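A.B. asks: For reference, the file start-v1.txt (compact mmCIF, C-alpha atoms) is included below:
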```
# COMPACT_ATOMS: atom_id res chain seq x y z
CA MET Y 1 -29.41 1.37 -12.54
CA ARG Y 2 -29.79 1.18 -8.78
CA LEU Y 3 -27.36 -0.86 -6.71
CA ASP Y 4 -28.83 -2.47 -3.62
CA LEU Y 5 -26.10 -1.96 -1.05
CA LEU Y 6 -27.99 -4.07 1.47
CA THR Y 7 -26.77 -7.17 -0.39
CA TYR Y 8 -23.27 -6.46 0.94
CA LEU Y 9 -24.18 -6.28 4.63
CA ASP Y 10 -23.35 -9.92 5.30
CA ASN Y 11 -20.35 -10.23 3.01
CA GLN Y 12 -17.74 -11.64 5.42
CA SER Y 13 -14.87 -11.05 3.00
CA LEU Y 14 -15.81 -7.39 2.74
CA LEU Y 15 -15.93 -7.16 6.53
CA HIS Y 16 -12.56 -8.93 6.76
CA THR Y 17 -10.91 -6.26 4.59
CA LEU Y 18 -11.65 -3.71 7.30
CA LYS Y 19 -8.86 -5.33 9.33
CA LEU Y 20 -6.49 -3.17 7.28
CA LYS Y 21 -7.66 -0.22 9.38
CA SER Y 22 -6.24 -1.72 12.58
CA LEU Y 23 -3.13 -3.43 11.17
CA LYS Y 24 -0.15 -1.29 12.17
CA ARG Y 25 2.80 -0.74 9.83
CA ALA Y 26 5.53 -3.10 11.02
CA GLY Y 27 8.47 -0.84 10.15
CA TRP Y 28 7.21 2.00 12.32
CA GLN Y 29 6.49 -0.39 15.18
CA ARG Y 30 10.01 -1.85 14.90
CA ALA Y 31 11.35 1.72 15.07
CA SER Y 32 9.37 2.29 18.30
CA VAL Y 33 6.96 4.86 16.89
CA ASP Y 34 4.11 5.31 19.34
CA ASP Y 35 0.73 4.99 17.67
CA ALA Y 36 2.20 3.91 14.33
CA GLU Y 37 0.02 4.48 11.29
CA SER Y 38 -2.17 1.63 10.06
CA VAL Y 39 -1.70 -0.03 6.71
CA ALA Y 40 -5.04 1.49 5.66
CA ALA Y 41 -3.77 4.97 6.59
CA HIS Y 42 -0.70 4.32 4.47
CA SER Y 43 -2.84 3.12 1.54
CA TRP Y 44 -4.92 6.29 1.84
CA GLY Y 45 -1.68 8.33 1.82
CA VAL Y 46 -0.53 6.59 -1.35
CA ALA Y 47 -3.91 7.18 -3.04
CA TRP Y 48 -3.94 10.83 -1.88
CA LEU Y 49 -0.47 11.49 -3.28
CA ALA Y 50 -1.38 9.72 -6.51
CA LEU Y 51 -4.47 11.86 -6.91
CA LEU Y 52 -2.49 15.05 -6.30
CA ILE Y 53 0.56 14.42 -8.47
CA LYS Y 54 -0.57 11.96 -11.18
CA PRO Y 55 0.92 12.79 -14.56
CA ASP Y 56 -1.67 13.59 -17.23
CA ASN Y 57 -0.75 10.57 -19.35
CA LEU Y 58 -1.79 8.06 -16.66
CA CYS Y 59 -5.28 6.67 -16.07
CA LEU Y 60 -6.55 8.08 -12.76
CA GLU Y 61 -9.01 5.25 -12.18
CA ARG Y 62 -6.30 2.61 -12.58
CA VAL Y 63 -3.84 4.55 -10.43
CA LEU Y 64 -6.37 4.80 -7.60
CA GLU Y 65 -7.28 1.12 -7.89
CA LEU Y 66 -3.62 0.16 -7.62
CA ALA Y 67 -3.03 2.52 -4.69
CA LEU Y 68 -6.04 1.37 -2.71
CA ILE Y 69 -5.38 -2.35 -2.96
CA HIS Y 70 -1.58 -2.53 -3.09
CA ASP Y 71 -1.24 -3.65 0.55
CA LEU Y 72 -4.55 -5.48 1.01
CA ALA Y 73 -2.86 -8.91 1.19
CA GLU Y 74 -1.18 -7.78 4.41
CA ILE Y 75 -4.44 -8.57 6.19
CA VAL Y 76 -3.47 -12.22 5.75
CA VAL Y 77 0.35 -12.26 5.56
CA GLY Y 78 1.13 -9.25 7.75
CA ASP Y 79 3.30 -6.27 6.90
CA ILE Y 80 6.45 -8.02 5.67
CA THR Y 81 9.51 -5.76 5.80
CA PRO Y 82 13.08 -6.23 4.55
CA HIS Y 83 14.05 -6.96 8.18
CA ASP Y 84 11.94 -10.13 8.16
CA GLY Y 85 14.43 -12.08 6.04
CA ILE Y 86 11.87 -13.12 3.44
CA SER Y 87 12.96 -13.03 -0.21
CA SER Y 88 11.14 -10.72 -2.61
CA ALA Y 89 9.94 -13.71 -4.62
CA ASP Y 90 8.59 -15.48 -1.52
CA LYS Y 91 6.92 -12.28 -0.33
CA ALA Y 92 5.28 -11.76 -3.73
CA GLU Y 93 4.02 -15.36 -3.83
CA ARG Y 94 2.64 -15.20 -0.29
CA GLU Y 95 0.93 -11.90 -1.01
CA LEU Y 96 -0.58 -13.08 -4.29
CA ASN Y 97 -1.96 -16.26 -2.71
CA ALA Y 98 -3.32 -14.24 0.20
CA PHE Y 99 -4.89 -11.69 -2.12
CA LYS Y 100 -6.56 -14.37 -4.23
CA SER Y 101 -7.96 -16.03 -1.11
CA LEU Y 102 -9.07 -12.74 0.40
CA SER Y 103 -10.76 -11.45 -2.74
CA ARG Y 104 -12.51 -14.70 -3.72
CA GLU Y 105 -15.86 -13.58 -2.26
CA LEU Y 106 -15.50 -9.87 -3.00
CA PRO Y 107 -17.39 -8.14 -5.77
CA GLN Y 108 -15.25 -7.90 -8.93
CA ALA Y 109 -12.79 -10.50 -7.59
CA GLU Y 110 -11.22 -11.29 -10.98
CA HIS Y 111 -10.68 -7.62 -11.73
CA LEU Y 112 -9.14 -7.00 -8.30
CA VAL Y 113 -6.71 -9.90 -8.72
CA ALA Y 114 -5.66 -8.55 -12.12
CA VAL Y 115 -5.03 -5.11 -10.60
CA PHE Y 116 -3.04 -6.64 -7.75
CA ILE Y 117 -0.89 -8.64 -10.19
CA GLU Y 118 -0.33 -5.48 -12.22
CA TYR Y 119 0.94 -3.75 -9.07
CA GLN Y 120 3.22 -6.66 -8.18
CA GLU Y 121 4.71 -6.92 -11.66
CA CYS Y 122 5.30 -3.15 -11.83
CA LYS Y 123 5.41 -3.11 -15.63
CA THR Y 124 2.73 -0.56 -16.51
CA PRO Y 125 3.33 3.18 -16.14
CA GLU Y 126 0.49 3.31 -13.59
CA ALA Y 127 2.02 0.55 -11.46
CA VAL Y 128 5.47 2.16 -11.57
CA PHE Y 129 3.93 5.47 -10.52
CA VAL Y 130 2.03 3.89 -7.60
CA HIS Y 131 5.23 2.17 -6.43
CA GLN Y 132 6.85 5.62 -6.45
CA CYS Y 133 3.94 7.06 -4.47
CA ASP Y 134 4.29 4.18 -2.00
CA LYS Y 135 7.91 5.19 -1.33
CA LEU Y 136 7.09 8.89 -1.31
CA ASP Y 137 4.41 8.28 1.31
CA MET Y 138 6.94 6.40 3.45
CA TRP Y 139 9.41 9.29 3.04
CA LEU Y 140 6.80 11.86 4.07
CA GLN Y 141 5.64 9.73 6.99
CA ALA Y 142 9.24 9.37 8.18
CA LYS Y 143 9.69 13.15 8.04
CA TYR Y 144 6.46 13.59 9.99
CA TYR Y 145 7.54 11.08 12.64
CA MET Y 146 11.01 12.66 12.86
CA ARG Y 147 9.31 15.92 13.85
CA GLU Y 148 6.98 14.21 16.30
CA TYR Y 149 9.60 11.86 17.78
CA PRO Y 150 13.00 13.56 17.41
CA GLU Y 151 14.58 10.97 19.71
CA LEU Y 152 13.91 8.13 17.25
CA GLU Y 153 16.35 7.10 14.53
CA LEU Y 154 14.31 6.99 11.32
CA ARG Y 155 16.88 7.86 8.66
CA GLU Y 156 16.78 4.32 7.26
CA PHE Y 157 13.26 5.01 5.98
CA ILE Y 158 14.35 8.23 4.27
CA GLU Y 159 17.38 6.50 2.74
CA SER Y 160 15.32 3.52 1.56
CA ALA Y 161 12.81 5.78 -0.18
CA ASN Y 162 15.57 7.97 -1.65
CA ASN Y 163 17.41 4.92 -3.03
CA TYR Y 164 14.27 3.52 -4.64
CA LEU Y 165 13.19 6.83 -6.15
CA ARG Y 166 16.70 7.46 -7.48
CA SER Y 167 16.88 4.00 -9.02
CA ILE Y 168 13.61 4.60 -10.87
CA ALA Y 169 14.80 8.03 -12.05
CA THR Y 170 18.08 6.66 -13.42
CA ALA Y 171 16.33 3.73 -15.12
CA LYS Y 172 14.43 6.11 -17.40
```
Let me see the structure of the file written as structure tokens.

C.D. replies:
Amino acid sequence: MRLDLLTYLDNQSLLHTLKLKSLKRAGWQRASVDDAESVAAHSWGVAWLALLIKPDNLCLERVLELALIHDLAEIVVGDITPHDGISSADKAERELNAFKSLSRELPQAEHLVAVFIEYQECKTPEAVFVHQCDKLDMWLQAKYYMREYPELELREFIESANNYLRSIATAK
């Protein structure tokens, strides 16, 4: 079976998803990090970590799907942080609506929405693991920035990741 990739050249929704490459992570910008990583760079970091440290009992394909699309809705709603004063429920609703709208014209739209919902609900072992990788990536990025920008106060990112990862560990 041969896929004709030329059919995707004019897919505006597919082109729109590339905005993730230029969308900067809001937390790092708020912390005055020069040249803050993009949301796409973060998503790559999450997928990279997941690939490297995935437990054998998890499905690699599902883990990578979850990692690659977990922040895609931010193209529409922006990178909402705890400092924005938006409730978790409101954030989840905004992101789900944005993701549905964004993916409507993408190939495999229904499948992508199901994967996104799985990530949001965080009930499957794969989704829990990707959430952990999301926080681990933030922790590693904070450590990297602390080396590059020793004058910046970035401990809140380390503490946030530590608190989340500890809460998951004690819930087991």

A.B. asks: Applying 10 Å and only C-alpha atoms, which residues near His83 of chain Y remain after dropping the ones on its own chain fewer than 6 positions away? List them as a list in words.

C.D. replies: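 Listed by chain and then number, they are Ala26, Gly27 and Arg30 of chain Y.
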
A.B. asks: Put those residues in a file: C-alpha atoms, as a tab-separated table (two decimals), in the coordinates of the input.

C.D. replies:
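Final file, again.tsv:
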```tsv
chain	number	residue	atom	x	y	z
Y	26	ALA	CA	5.53	-3.10	11.02
Y	27	GLY	CA	8.47	-0.84	10.15
Y	30	ARG	CA	10.01	-1.85	14.90
```

A.B. asks: Using all atoms listed in the file, which protein or nucleic acid residues come within 12 Å of segment 152-168 of chain Y? Drop anything in the same chain fewer than 5 positions from it, and give the result as a PyMOL selection string.

C.D. replies: chain Y and resi 27-34+81-83+122+125+128-147

A.B. asks: Looking at all atoms listed in the file, which of Y:Leu15, Y:Ala50, Y:Leu5, Y:Ala98 is the one that sits closest to Ile75 of chain Y?

C.D. replies: Y:Ala98

A.B. asks: Can you tell me which residues surround segment 56-71 of chain Y at a distance of at most 9 Å, considering all atoms listed in the file, apart from same-chain residues fewer than 3 positions away, and format the answer as a PyMOL selection string?

C.D. replies: chain Y and resi 20+39-40+42-48+50-51+74-75+79+95+112+115-116+118-120+125-127+129-131+133-134

A.B. asks: At what distance in Å, to one decimal, does atom CA of Ser88 of chain Y lie from atom CA of Ala109 of chain Y?

C.D. replies: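 Taking atom CA of Ala109 of chain Y and atom CA of Ser88 of chain Y, their separation equals 24.4 Å.
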
A.B. asks: Would you work out the distance separating atom CA of Leu96 of chain Y from atom CA of Lys21 of chain Y, expressed in Å to one decimal?

C.D. replies: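 These atoms are spaced 20.1 Å apart.
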
A.B. asks: Which residue, Y:Leu72, Y:Ala114, Y:Leu52, Y:Ala89, has the smallest gap to Ser13 of chain Y when you use only C-alpha atoms?

C.D. replies: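 Distance minimum relative to Ser13 of chain Y lands on Y:Leu72.
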